[in-house]
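A.B. asks: You'll find entry.cif just under this line, and it carries mmCIF, C-alpha atoms.
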data_coords
#
loop_
_atom_site.group_PDB
_atom_site.id
_atom_site.type_symbol
_atom_site.label_atom_id
_atom_site.label_comp_id
_atom_site.auth_asym_id
_atom_site.auth_seq_id
_atom_site.Cartn_x
_atom_site.Cartn_y
_atom_site.Cartn_z
ATOM 1 C CA MET A 1 -17.137 121.367 -37.522
ATOM 2 C CA GLN A 2 -13.418 120.658 -37.690
ATOM 3 C CA THR A 3 -12.341 117.423 -36.025
ATOM 4 C CA ALA A 4 -9.293 117.170 -33.794
ATOM 5 C CA PRO A 5 -6.159 115.960 -35.543
ATOM 6 C CA SER A 6 -5.370 112.284 -35.217
ATOM 7 C CA SER A 7 -2.504 111.126 -33.044
ATOM 8 C CA ALA A 8 -0.528 110.238 -36.154
ATOM 9 C CA ALA A 9 -1.084 113.693 -37.624
ATOM 10 C CA SER A 10 0.314 115.308 -34.496
ATOM 11 C CA LEU A 11 3.481 113.219 -34.794
ATOM 12 C CA TYR A 12 4.366 114.039 -38.380
ATOM 13 C CA ASP A 13 6.241 117.261 -37.592
ATOM 14 C CA ARG A 14 8.800 115.199 -35.709
ATOM 15 C CA VAL A 15 9.728 113.056 -38.704
ATOM 16 C CA ARG A 16 9.013 115.310 -41.677
ATOM 17 C CA ARG A 17 12.741 115.700 -42.409
ATOM 18 C CA VAL A 18 13.152 111.955 -42.973
ATOM 19 C CA ILE A 19 9.705 110.842 -44.180
ATOM 20 C CA PRO A 20 8.386 112.632 -47.301
ATOM 21 C CA PRO A 21 4.770 113.899 -47.082
ATOM 22 C CA VAL A 22 3.721 111.586 -49.911
ATOM 23 C CA GLU A 23 4.694 108.539 -47.808
ATOM 24 C CA TRP A 24 2.988 109.588 -44.578
ATOM 25 C CA PRO A 25 -0.595 108.520 -45.479
ATOM 26 C CA ALA A 26 0.675 104.950 -45.846
ATOM 27 C CA PHE A 27 1.729 105.011 -42.185
ATOM 28 C CA SER A 28 -0.836 107.151 -40.379
ATOM 29 C CA GLU A 29 -3.709 104.656 -40.109
ATOM 30 C CA ASP A 30 -1.482 101.967 -38.601
ATOM 31 C CA ILE A 31 0.124 104.457 -36.220
ATOM 32 C CA ASP A 32 -3.286 105.548 -34.904
ATOM 33 C CA ALA A 33 -4.352 101.920 -34.507
ATOM 34 C CA ILE A 34 -1.146 100.984 -32.678
ATOM 35 C CA LEU A 35 -1.389 103.922 -30.288
ATOM 36 C CA ALA A 36 -4.969 102.928 -29.451
ATOM 37 C CA LEU A 37 -4.075 99.251 -29.025
ATOM 38 C CA LYS A 38 -1.249 100.112 -26.644
ATOM 39 C CA ARG A 39 -3.672 101.979 -24.402
ATOM 40 C CA GLU A 40 -6.318 99.249 -24.571
ATOM 41 C CA ARG A 41 -3.935 96.384 -23.858
ATOM 42 C CA ASN A 42 -1.501 98.095 -21.452
ATOM 43 C CA ALA A 43 1.258 97.400 -23.939
ATOM 44 C CA ILE A 44 4.610 99.024 -24.535
ATOM 45 C CA ILE A 45 6.889 98.963 -27.581
ATOM 46 C CA LEU A 46 10.663 98.644 -27.292
ATOM 47 C CA ALA A 47 12.446 99.608 -30.525
ATOM 48 C CA HIS A 48 16.066 99.184 -31.507
ATOM 49 C CA ASN A 49 18.000 102.043 -33.100
ATOM 50 C CA TYR A 50 17.881 100.253 -36.464
ATOM 51 C CA GLN A 51 14.104 100.499 -36.770
ATOM 52 C CA THR A 52 12.681 102.854 -39.382
ATOM 53 C CA PRO A 53 11.641 106.366 -38.252
ATOM 54 C CA GLU A 54 7.881 105.760 -38.368
ATOM 55 C CA ILE A 55 8.401 103.008 -35.779
ATOM 56 C CA PHE A 56 11.261 104.556 -33.822
ATOM 57 C CA HIS A 57 9.785 108.036 -33.442
ATOM 58 C CA CYS A 58 6.037 107.462 -33.744
ATOM 59 C CA VAL A 59 4.984 104.292 -31.902
ATOM 60 C CA ALA A 60 7.946 103.235 -29.749
ATOM 61 C CA ASP A 61 7.916 103.957 -26.021
ATOM 62 C CA ILE A 62 11.515 102.977 -25.277
ATOM 63 C CA VAL A 63 14.293 103.163 -27.859
ATOM 64 C CA GLY A 64 17.987 102.434 -27.818
ATOM 65 C CA ASP A 65 20.744 99.930 -28.392
ATOM 66 C CA SER A 66 20.731 96.364 -27.097
ATOM 67 C CA LEU A 67 22.157 97.347 -23.696
ATOM 68 C CA SER A 68 19.665 100.166 -23.191
ATOM 69 C CA LEU A 69 16.728 97.968 -24.199
ATOM 70 C CA ALA A 70 17.909 95.227 -21.832
ATOM 71 C CA ARG A 71 18.270 97.675 -18.933
ATOM 72 C CA ASN A 72 14.886 99.256 -19.576
ATOM 73 C CA ALA A 73 13.081 95.954 -20.103
ATOM 74 C CA ILE A 74 13.299 95.195 -16.378
ATOM 75 C CA LYS A 75 11.622 98.512 -15.525
ATOM 76 C CA VAL A 76 8.577 97.946 -17.715
ATOM 77 C CA GLU A 77 5.220 97.913 -15.930
ATOM 78 C CA ALA A 78 3.064 97.065 -18.940
ATOM 79 C CA ASP A 79 1.392 93.683 -19.340
ATOM 80 C CA ILE A 80 2.614 93.260 -22.916
ATOM 81 C CA ILE A 81 5.985 94.080 -24.457
ATOM 82 C CA VAL A 82 6.292 94.306 -28.236
ATOM 83 C CA LEU A 83 9.913 94.082 -29.303
ATOM 84 C CA ALA A 84 10.523 96.019 -32.510
ATOM 85 C CA GLY A 85 13.842 94.410 -33.252
ATOM 86 C CA VAL A 86 15.160 90.924 -33.885
ATOM 87 C CA HIS A 87 14.425 87.632 -32.185
ATOM 88 C CA PHE A 88 17.336 87.512 -29.737
ATOM 89 C CA MET A 89 16.238 90.905 -28.381
ATOM 90 C CA ALA A 90 12.727 89.599 -27.786
ATOM 91 C CA GLU A 91 14.193 86.560 -26.022
ATOM 92 C CA THR A 92 16.282 88.846 -23.801
ATOM 93 C CA ALA A 93 13.195 90.889 -22.910
ATOM 94 C CA LYS A 94 11.370 87.658 -22.045
ATOM 95 C CA LEU A 95 14.274 86.432 -19.906
ATOM 96 C CA LEU A 96 14.079 89.644 -17.894
ATOM 97 C CA ASN A 97 10.269 89.666 -17.780
ATOM 98 C CA PRO A 98 9.256 86.002 -17.446
ATOM 99 C CA ASP A 99 5.734 86.840 -16.220
ATOM 100 C CA LYS A 100 4.937 89.265 -19.042
ATOM 101 C CA THR A 101 3.803 88.571 -22.586
ATOM 102 C CA VAL A 102 6.593 89.453 -25.030
ATOM 103 C CA LEU A 103 5.660 89.655 -28.701
ATOM 104 C CA ILE A 104 7.933 89.629 -31.747
ATOM 105 C CA PRO A 105 6.050 90.925 -34.824
ATOM 106 C CA ASP A 106 7.906 88.626 -37.250
ATOM 107 C CA LEU A 107 9.355 85.271 -36.220
ATOM 108 C CA ASP A 108 11.824 85.405 -39.125
ATOM 109 C CA ALA A 109 13.516 88.572 -37.821
ATOM 110 C CA GLY A 110 16.786 86.832 -37.069
ATOM 111 C CA CYS A 111 20.472 87.761 -36.904
ATOM 112 C CA SER A 112 23.545 86.512 -38.745
ATOM 113 C CA LEU A 113 25.540 86.604 -35.513
ATOM 114 C CA ALA A 114 22.961 84.568 -33.617
ATOM 115 C CA ASP A 115 22.930 82.069 -36.485
ATOM 116 C CA SER A 116 26.725 81.738 -36.456
ATOM 117 C CA ILE A 117 26.965 79.746 -33.223
ATOM 118 C CA SER A 118 25.052 77.043 -31.344
ATOM 119 C CA ALA A 119 24.939 75.901 -27.729
ATOM 120 C CA GLY A 120 26.912 72.831 -28.782
ATOM 121 C CA ASP A 121 29.650 75.063 -30.200
ATOM 122 C CA VAL A 122 29.974 76.832 -26.846
ATOM 123 C CA ARG A 123 30.238 73.529 -24.992
ATOM 124 C CA LEU A 124 33.025 72.466 -27.344
ATOM 125 C CA MET A 125 34.869 75.739 -26.651
ATOM 126 C CA ARG A 126 34.678 74.998 -22.934
ATOM 127 C CA GLN A 127 36.221 71.597 -23.546
ATOM 128 C CA ARG A 128 38.993 73.106 -25.645
ATOM 129 C CA TYR A 129 39.756 75.916 -23.172
ATOM 130 C CA PRO A 130 38.942 74.545 -19.705
ATOM 131 C CA GLY A 131 38.592 77.174 -17.009
ATOM 132 C CA VAL A 132 38.554 80.119 -19.438
ATOM 133 C CA PRO A 133 35.462 82.328 -18.856
ATOM 134 C CA ILE A 134 33.082 82.765 -21.768
ATOM 135 C CA VAL A 135 31.634 86.166 -22.657
ATOM 136 C CA THR A 136 28.709 85.900 -25.039
ATOM 137 C CA TYR A 137 27.433 88.826 -27.083
ATOM 138 C CA VAL A 138 23.711 89.419 -26.571
ATOM 139 C CA ASN A 139 23.297 88.852 -30.319
ATOM 140 C CA THR A 140 22.813 85.146 -29.594
ATOM 141 C CA SER A 141 20.020 82.728 -28.759
ATOM 142 C CA ALA A 142 18.940 82.035 -25.188
ATOM 143 C CA ALA A 143 20.393 78.530 -25.566
ATOM 144 C CA VAL A 144 23.831 80.011 -26.308
ATOM 145 C CA LYS A 145 23.547 82.516 -23.462
ATOM 146 C CA ALA A 146 22.771 79.632 -21.123
ATOM 147 C CA GLU A 147 26.157 78.059 -21.922
ATOM 148 C CA SER A 148 28.103 81.244 -21.188
ATOM 149 C CA ASP A 149 29.343 82.860 -17.986
ATOM 150 C CA ILE A 150 28.240 86.392 -18.770
ATOM 151 C CA CYS A 151 26.772 88.372 -21.662
ATOM 152 C CA CYS A 152 27.892 91.675 -23.130
ATOM 153 C CA THR A 153 26.796 94.240 -25.675
ATOM 154 C CA SER A 154 28.931 96.437 -27.898
ATOM 155 C CA GLY A 155 28.340 99.203 -25.358
ATOM 156 C CA ASN A 156 29.787 97.364 -22.354
ATOM 157 C CA ALA A 157 32.002 94.611 -23.826
ATOM 158 C CA LEU A 158 35.267 96.098 -22.544
ATOM 159 C CA ALA A 159 33.854 96.635 -19.051
ATOM 160 C CA VAL A 160 32.544 93.062 -18.978
ATOM 161 C CA VAL A 161 35.918 91.622 -20.005
ATOM 162 C CA ARG A 162 37.702 93.681 -17.361
ATOM 163 C CA SER A 163 35.176 92.690 -14.691
ATOM 164 C CA LEU A 164 36.206 89.035 -14.953
ATOM 165 C CA GLY A 165 39.782 89.653 -13.787
ATOM 166 C CA ALA A 166 41.012 86.781 -15.948
ATOM 167 C CA PRO A 167 44.155 86.702 -18.139
ATOM 168 C CA ARG A 168 42.276 84.916 -20.960
ATOM 169 C CA VAL A 169 38.658 85.259 -22.059
ATOM 170 C CA ILE A 170 36.620 83.562 -24.768
ATOM 171 C CA MET A 171 34.453 86.135 -26.539
ATOM 172 C CA LEU A 172 31.658 84.860 -28.807
ATOM 173 C CA PRO A 173 30.471 85.050 -31.544
ATOM 174 C CA ASP A 174 31.489 88.385 -33.142
ATOM 175 C CA GLU A 175 35.110 88.119 -34.240
ATOM 176 C CA TYR A 176 35.431 91.813 -35.062
ATOM 177 C CA LEU A 177 33.933 93.046 -31.790
ATOM 178 C CA ALA A 178 36.304 90.733 -29.921
ATOM 179 C CA LYS A 179 39.326 91.954 -31.892
ATOM 180 C CA ASN A 180 38.349 95.588 -31.389
ATOM 181 C CA VAL A 181 38.004 95.020 -27.637
ATOM 182 C CA ALA A 182 41.373 93.237 -27.616
ATOM 183 C CA THR A 183 43.113 96.441 -28.747
ATOM 184 C CA GLN A 184 41.952 98.122 -25.529
ATOM 185 C CA THR A 185 43.050 95.528 -22.971
ATOM 186 C CA ASP A 186 45.957 93.246 -22.054
ATOM 187 C CA VAL A 187 43.536 90.335 -21.625
ATOM 188 C CA GLU A 188 44.077 87.609 -24.231
ATOM 189 C CA ILE A 189 40.802 87.237 -26.130
ATOM 190 C CA ILE A 190 39.939 84.020 -27.939
ATOM 191 C CA THR A 191 37.544 84.722 -30.811
ATOM 192 C CA TRP A 192 34.908 82.985 -32.929
ATOM 193 C CA LYS A 193 34.365 83.493 -36.676
ATOM 194 C CA GLY A 194 30.953 85.136 -36.459
ATOM 195 C CA HIS A 195 30.234 88.387 -38.318
ATOM 196 C CA CYS A 196 27.361 90.839 -38.681
ATOM 197 C CA GLU A 197 26.245 90.768 -42.307
ATOM 198 C CA VAL A 198 25.695 94.540 -42.214
ATOM 199 C CA HIS A 199 28.908 95.720 -40.569
ATOM 200 C CA GLU A 200 31.308 93.265 -42.221
ATOM 201 C CA ARG A 201 30.598 94.951 -45.576
ATOM 202 C CA PHE A 202 32.178 98.260 -44.560
ATOM 203 C CA THR A 203 35.830 98.686 -45.529
ATOM 204 C CA ALA A 204 38.647 101.095 -44.716
ATOM 205 C CA ALA A 205 38.623 102.047 -48.402
ATOM 206 C CA ASP A 206 34.987 103.132 -47.998
ATOM 207 C CA ILE A 207 36.035 105.597 -45.311
ATOM 208 C CA ARG A 208 38.901 106.981 -47.369
ATOM 209 C CA GLU A 209 36.542 107.494 -50.316
ATOM 210 C CA LEU A 210 34.021 109.243 -48.071
ATOM 211 C CA ARG A 211 36.692 111.580 -46.725
ATOM 212 C CA GLU A 212 37.768 112.422 -50.268
ATOM 213 C CA ALA A 213 34.198 113.067 -51.416
ATOM 214 C CA HIS A 214 33.185 114.950 -48.261
ATOM 215 C CA PRO A 215 36.171 116.870 -46.854
ATOM 216 C CA GLY A 216 35.993 117.371 -43.098
ATOM 217 C CA VAL A 217 33.438 114.612 -42.510
ATOM 218 C CA THR A 218 33.505 112.972 -39.081
ATOM 219 C CA VAL A 219 33.377 109.171 -39.291
ATOM 220 C CA LEU A 220 31.769 107.095 -36.534
ATOM 221 C CA ALA A 221 31.986 103.307 -36.707
ATOM 222 C CA HIS A 222 30.271 100.474 -34.878
ATOM 223 C CA PRO A 223 32.667 97.989 -33.206
ATOM 224 C CA GLU A 224 31.088 95.130 -35.192
ATOM 225 C CA CYS A 225 32.971 96.598 -38.170
ATOM 226 C CA PRO A 226 36.336 95.079 -39.130
ATOM 227 C CA PRO A 227 39.276 96.412 -37.059
ATOM 228 C CA GLU A 228 40.756 98.247 -40.040
ATOM 229 C CA VAL A 229 37.473 100.200 -40.371
ATOM 230 C CA VAL A 230 37.511 101.103 -36.687
ATOM 231 C CA ALA A 231 41.140 102.207 -37.038
ATOM 232 C CA GLU A 232 40.213 104.562 -39.905
ATOM 233 C CA ALA A 233 37.257 106.097 -38.047
ATOM 234 C CA ASP A 234 37.317 109.140 -35.782
ATOM 235 C CA PHE A 235 35.270 107.347 -33.119
ATOM 236 C CA ALA A 236 33.981 103.832 -32.555
ATOM 237 C CA GLY A 237 31.143 102.872 -30.258
ATOM 238 C CA SER A 238 27.742 101.286 -29.868
ATOM 239 C CA THR A 239 24.727 102.815 -31.562
ATOM 240 C CA ALA A 240 23.935 104.647 -28.311
ATOM 241 C CA ALA A 241 27.508 105.928 -28.087
ATOM 242 C CA MET A 242 27.398 107.140 -31.700
ATOM 243 C CA SER A 243 24.131 108.962 -31.060
ATOM 244 C CA ASP A 244 25.587 110.545 -27.921
ATOM 245 C CA TYR A 245 28.694 111.601 -29.850
ATOM 246 C CA VAL A 246 26.601 113.474 -32.402
ATOM 247 C CA GLY A 247 24.631 115.179 -29.636
ATOM 248 C CA GLN A 248 27.706 116.200 -27.669
ATOM 249 C CA HIS A 249 30.060 117.202 -30.507
ATOM 250 C CA ARG A 250 27.559 118.299 -33.162
ATOM 251 C CA PRO A 251 29.884 117.768 -36.129
ATOM 252 C CA ALA A 252 28.975 119.800 -39.187
ATOM 253 C CA ARG A 253 29.023 116.660 -41.316
ATOM 254 C CA VAL A 254 29.002 113.060 -40.108
ATOM 255 C CA VAL A 255 28.806 109.519 -41.417
ATOM 256 C CA LEU A 256 27.702 106.561 -39.298
ATOM 257 C CA MET A 257 29.232 103.264 -40.403
ATOM 258 C CA THR A 258 26.297 101.153 -39.315
ATOM 259 C CA GLU A 259 22.774 100.188 -40.387
ATOM 260 C CA CYS A 260 20.925 102.714 -42.580
ATOM 261 C CA SER A 261 18.037 103.665 -40.319
ATOM 262 C CA MET A 262 20.359 104.750 -37.532
ATOM 263 C CA SER A 263 21.275 107.915 -39.447
ATOM 264 C CA ASP A 264 17.627 108.771 -40.110
ATOM 265 C CA ASN A 265 16.716 108.368 -36.449
ATOM 266 C CA VAL A 266 19.609 110.462 -35.133
ATOM 267 C CA ALA A 267 19.032 113.093 -37.825
ATOM 268 C CA VAL A 268 15.521 113.759 -36.499
ATOM 269 C CA ASP A 269 17.022 115.218 -33.315
ATOM 270 C CA HIS A 270 19.899 117.048 -35.010
ATOM 271 C CA PRO A 271 18.666 119.053 -38.001
ATOM 272 C CA GLU A 272 21.830 121.167 -37.890
ATOM 273 C CA VAL A 273 24.049 118.164 -38.740
ATOM 274 C CA ASP A 274 24.583 116.992 -42.314
ATOM 275 C CA PHE A 275 24.365 113.182 -42.371
ATOM 276 C CA ILE A 276 26.152 111.325 -45.165
ATOM 277 C CA ARG A 277 24.411 107.978 -45.576
ATOM 278 C CA PRO A 278 26.259 104.943 -46.911
ATOM 279 C CA CYS A 279 23.403 102.472 -46.858
ATOM 280 C CA ASN A 280 23.841 98.917 -45.608
ATOM 281 C CA LEU A 281 20.410 97.595 -44.640
ATOM 282 C CA CYS A 282 19.761 94.869 -42.089
ATOM 283 C CA PRO A 283 17.197 92.641 -43.823
ATOM 284 C CA HIS A 284 16.141 91.180 -40.469
ATOM 285 C CA MET A 285 15.419 94.506 -38.775
ATOM 286 C CA LYS A 286 13.456 95.568 -41.826
ATOM 287 C CA ARG A 287 11.071 92.637 -41.370
ATOM 288 C CA ILE A 288 9.512 94.655 -38.538
ATOM 289 C CA THR A 289 6.851 97.028 -39.876
ATOM 290 C CA LEU A 290 3.929 99.046 -38.589
ATOM 291 C CA VAL A 291 1.625 96.479 -40.187
ATOM 292 C CA ASN A 292 3.017 93.520 -38.266
ATOM 293 C CA ILE A 293 3.379 95.500 -35.021
ATOM 294 C CA ARG A 294 -0.331 96.251 -35.315
ATOM 295 C CA ALA A 295 -1.093 92.592 -36.051
ATOM 296 C CA ALA A 296 0.999 91.523 -33.061
ATOM 297 C CA LEU A 297 -1.105 93.694 -30.762
ATOM 298 C CA GLU A 298 -4.401 92.726 -32.387
ATOM 299 C CA HIS A 299 -3.792 88.973 -32.369
ATOM 300 C CA ASN A 300 -1.183 88.445 -29.627
ATOM 301 C CA ARG A 301 1.265 87.465 -32.366
ATOM 302 C CA HIS A 302 3.948 86.024 -31.842
ATOM 303 C CA ALA A 303 4.452 85.289 -28.142
ATOM 304 C CA VAL A 304 8.043 84.477 -27.217
ATOM 305 C CA SER A 305 8.704 81.391 -25.129
ATOM 306 C CA ILE A 306 12.016 80.052 -23.857
ATOM 307 C CA ASN A 307 12.937 76.461 -23.167
ATOM 308 C CA PRO A 308 12.702 75.974 -19.380
ATOM 309 C CA LYS A 309 15.901 73.914 -19.519
ATOM 310 C CA VAL A 310 17.929 76.982 -20.536
ATOM 311 C CA GLU A 311 15.866 79.870 -19.153
ATOM 312 C CA ALA A 312 17.378 80.229 -15.675
ATOM 313 C CA ARG A 313 20.980 79.890 -16.871
ATOM 314 C CA ALA A 314 20.471 82.336 -19.736
ATOM 315 C CA ARG A 315 18.824 84.833 -17.381
ATOM 316 C CA HIS A 316 21.776 84.570 -15.002
ATOM 317 C CA ALA A 317 24.226 85.446 -17.795
ATOM 318 C CA VAL A 318 22.186 88.503 -18.784
ATOM 319 C CA GLU A 319 21.640 89.659 -15.201
ATOM 320 C CA ARG A 320 25.319 89.276 -14.466
ATOM 321 C CA MET A 321 26.022 91.572 -17.419
ATOM 322 C CA LEU A 322 23.552 94.170 -16.161
ATOM 323 C CA ALA A 323 25.272 94.159 -12.770
ATOM 324 C CA VAL A 324 28.607 95.261 -14.291
#
Translate the structure described by the file into structure tokens.

C.D. replies:
Amino acid sequence: MQTAPSSAASLYDRVRRVIPPVEWPAFSEDIDAILALKRERNAIILAHNYQTPEIFHCVADIVGDSLSLARNAIKVEADIIVLAGVHFMAETAKLLNPDKTVLIPDLDAGCSLADSISAGDVRLMRQRYPGVPIVTYVNTSAAVKAESDICCTSGNALAVVRSLGAPRVIMLPDEYLAKNVATQTDVEIITWKGHCEVHERFTAADIRELREAHPGVTVLAHPECPPEVVAEADFAGSTAAMSDYVGQHRPARVVLMTECSMSDNVAVDHPEVDFIRPCNLCPHMKRITLVNIRAALEHNRHAVSINPKVEARARHAVERMLAV
């Protein structure tokens, strides 16, 4: 008697273009276990666009960029949220769901931007620029968010700056995001020297070489890239905006100047588009695996907690962002 196919087996068709058949057996057992654990524990998985396809397309319930994950986190009805992303994202989910259990599969899944600034640094900026509102990128710790007036993501940074109605704004910690926003507004933006270790490696010369090697290629860049990279690109936007661009314009050939897995995940939905893949990996995002997602659900590992002294203020900054 033939048995029914496993849940993992039924999902493989979706990702066969980006996961070779020889690799699938290494994933299928964990996928089946995770799907069962989610049902048993009333759990949901939120996955960032930089997660690998077997996570993004096979076990995640909600996917997207930081803004999308933040917006959707407040709509979650599950008892447990597993954040397949980095630590600041799990903290943000916890801020918005204080009564739920939020799990991060690997405590060392950090972020170079979050590490580039401390709460003390923000307080010193306030002293140096009294009365100037502080916009803090969500790629920061809860302690840093608590010292800011409002948060932003790459998807809404310009709207957040404009919403303040101020002639000067401090924008922390991503220097390149701040400079790229500054080109779109008359607001004076004071920056910080923080950089994403993935996006800072892209150069304008990389784009020119790609255009020479692949005539007619459409180049999309993330606004965490240096301004000269954004200037060379055909379009710049958040990971969600880049994905939407591909869906709306369907370029014959495209390159995404961002983390590697983004191209794989968008390619699943657009088999007609040829994706050129310059590969800059985020080592922190890649710490999240099916194995440790499964362990998180099996052992309640690792529950996120936020210092009560900063929680309410950090939540206010995030909620103020979501209201824009």

A.B. asks: Check what the PyMOL selection byres ((chain A and resi 168) around 12) selects in the file above and give those residues as a PyMOL selection string.

C.D. replies: chain A and resi 129-135+161-162+164-167+169-171+182+185-191

A.B. asks: If I take atom CA of Lys193 of chain A and atom CA of Met89 of chain A, how far is one from the other in Å, to one decimal?

C.D. replies: 21.3 Å

A.B. asks: To test your reading of the syntax: which residues would the PyMOL selection byres ((chain A and resi 222-227) around 9) return for the file shown? Reply as number ranges by chain.

C.D. replies: A: 154, 174-181, 195-196, 198-204, 220-221, 228-232, 235-239, 242, 256-258

A.B. asks: In Å, with one decimal, what is the gap from atom CA of Arg17 of chain A to atom CA of Arg294 of chain A?

C.D. replies: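 Spanning atom CA of Arg17 of chain A to atom CA of Arg294 of chain A is a straight-line distance of 24.5 Å.
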
A.B. asks: Name every residue that the PyMOL selection byres ((chain A and resi 143) around 12) selects in this structure, writing the answer as a ChimeraX atom specification with chains first and numbers rising.

C.D. replies: /A:88,91-92,95,114-115,117-123,136,138-142,144-148,306-315,317

A.B. asks: Compare A:Arg41, A:Gln127, A:Ile31, A:Leu46 by their minimum atom-to-atom distance to Arg71 of chain A, counting all atoms listed in the file, and give me the closest one.

C.D. replies: A:Leu46

A.B. asks: Counting all atoms listed in the file, what is within 10 Å of segment 24-28 of chain A, bar same-chain residues fewer than 3 positions away, as a PyMOL selection string?

C.D. replies: chain A and resi 6-9+11-12+15-16+19-21+31-34+54-55+58+289-291

A.B. asks: Can you spit out the residues from that selection as a compact mmCIF listing (two decimals), in the coordinates of the input, using C-alpha atoms?

C.D. replies:
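Here's the written file again24.txt:
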# COMPACT_ATOMS: atom_id res chain seq x y z
CA SER A 6 -5.37 112.28 -35.22
CA SER A 7 -2.50 111.13 -33.04
CA ALA A 8 -0.53 110.24 -36.15
CA ALA A 9 -1.08 113.69 -37.62
CA LEU A 11 3.48 113.22 -34.79
CA TYR A 12 4.37 114.04 -38.38
CA VAL A 15 9.73 113.06 -38.70
CA ARG A 16 9.01 115.31 -41.68
CA ILE A 19 9.70 110.84 -44.18
CA PRO A 20 8.39 112.63 -47.30
CA PRO A 21 4.77 113.90 -47.08
CA ILE A 31 0.12 104.46 -36.22
CA ASP A 32 -3.29 105.55 -34.90
CA ALA A 33 -4.35 101.92 -34.51
CA ILE A 34 -1.15 100.98 -32.68
CA GLU A 54 7.88 105.76 -38.37
CA ILE A 55 8.40 103.01 -35.78
CA CYS A 58 6.04 107.46 -33.74
CA THR A 289 6.85 97.03 -39.88
CA LEU A 290 3.93 99.05 -38.59
CA VAL A 291 1.62 96.48 -40.19

A.B. asks: Given the choices A:Ala159, A:Ala303, A:Ala84, A:Ala78, which gets closest to Met321 of chain A if the distance is worked out from all atoms listed in the file?

C.D. replies: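 Among A:Ala159, A:Ala303, A:Ala84, A:Ala78, it is A:Ala159 that comes nearest to Met321 of chain A.
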
A.B. asks: Tell me, as a list in words, which residues lie within 8 Å of His284 of chain A, counting all atoms listed in the file; anything in the same chain fewer than 4 positions away does not count.

C.D. replies: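 Everything that qualifies: Val86, Asp108, Ala109, Gly110, Cys111 and Ile288 of chain A.
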
A.B. asks: With distances taken over all atoms listed in the file, which residue among A:Ala296, A:Glu209, A:Asn265, A:Val246 lies nearest Pro278 of chain A?

C.D. replies: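 Nearest to Pro278 of chain A: A:Glu209.
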
A.B. asks: Find, counting all atoms listed in the file, the residue in A:Pro271, A:Gly216, A:Pro283, A:Pro173 that gets nearest to Val18 of chain A.

C.D. replies: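 Among the listed residues, the smallest separation from Val18 of chain A belongs to A:Pro271.
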
A.B. asks: Using all atoms listed in the file, pick whichever of A:Val254, A:Val63, A:Ile44, A:Ile104 has the shortest atom-to-atom distance to Val76 of chain A.

C.D. replies: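 Among A:Val254, A:Val63, A:Ile44, A:Ile104, it is A:Ile44 that comes nearest to Val76 of chain A.
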
A.B. asks: Which residue, A:Ala205, A:Ala47, A:Asp61, A:Ser68, has the smallest gap to Cys152 of chain A when you use only C-alpha atoms?

C.D. replies: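 Counting only C-alpha atoms, the residue closest to Cys152 of chain A is A:Ser68.
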
A.B. asks: Counting only C-alpha atoms, note down every residue that has an atom within 9 Å of the point (17.9, 101.4, -33.9) (file coordinates), as a ChimeraX atom specification.

C.D. replies: /A:47-52,56,63-66,85,239-240,259,261-262,265,285

A.B. asks: Could you jot down the atom CA of Leu35 of chain A to atom CA of Leu281 of chain A separation for me, Å, one decimal place?

C.D. replies: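 Answer for the atom CA of Leu35 of chain A to atom CA of Leu281 of chain A separation: 26.9 Å.
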
A.B. asks: Name the residues, using the chain letters and numbers of the file, that sit within 6 Å of (24.6, 114.4, -42.4) when counting all atoms listed in the file, and give them as a PyMOL selection string.

C.D. replies: chain A and resi 253-254+273-276
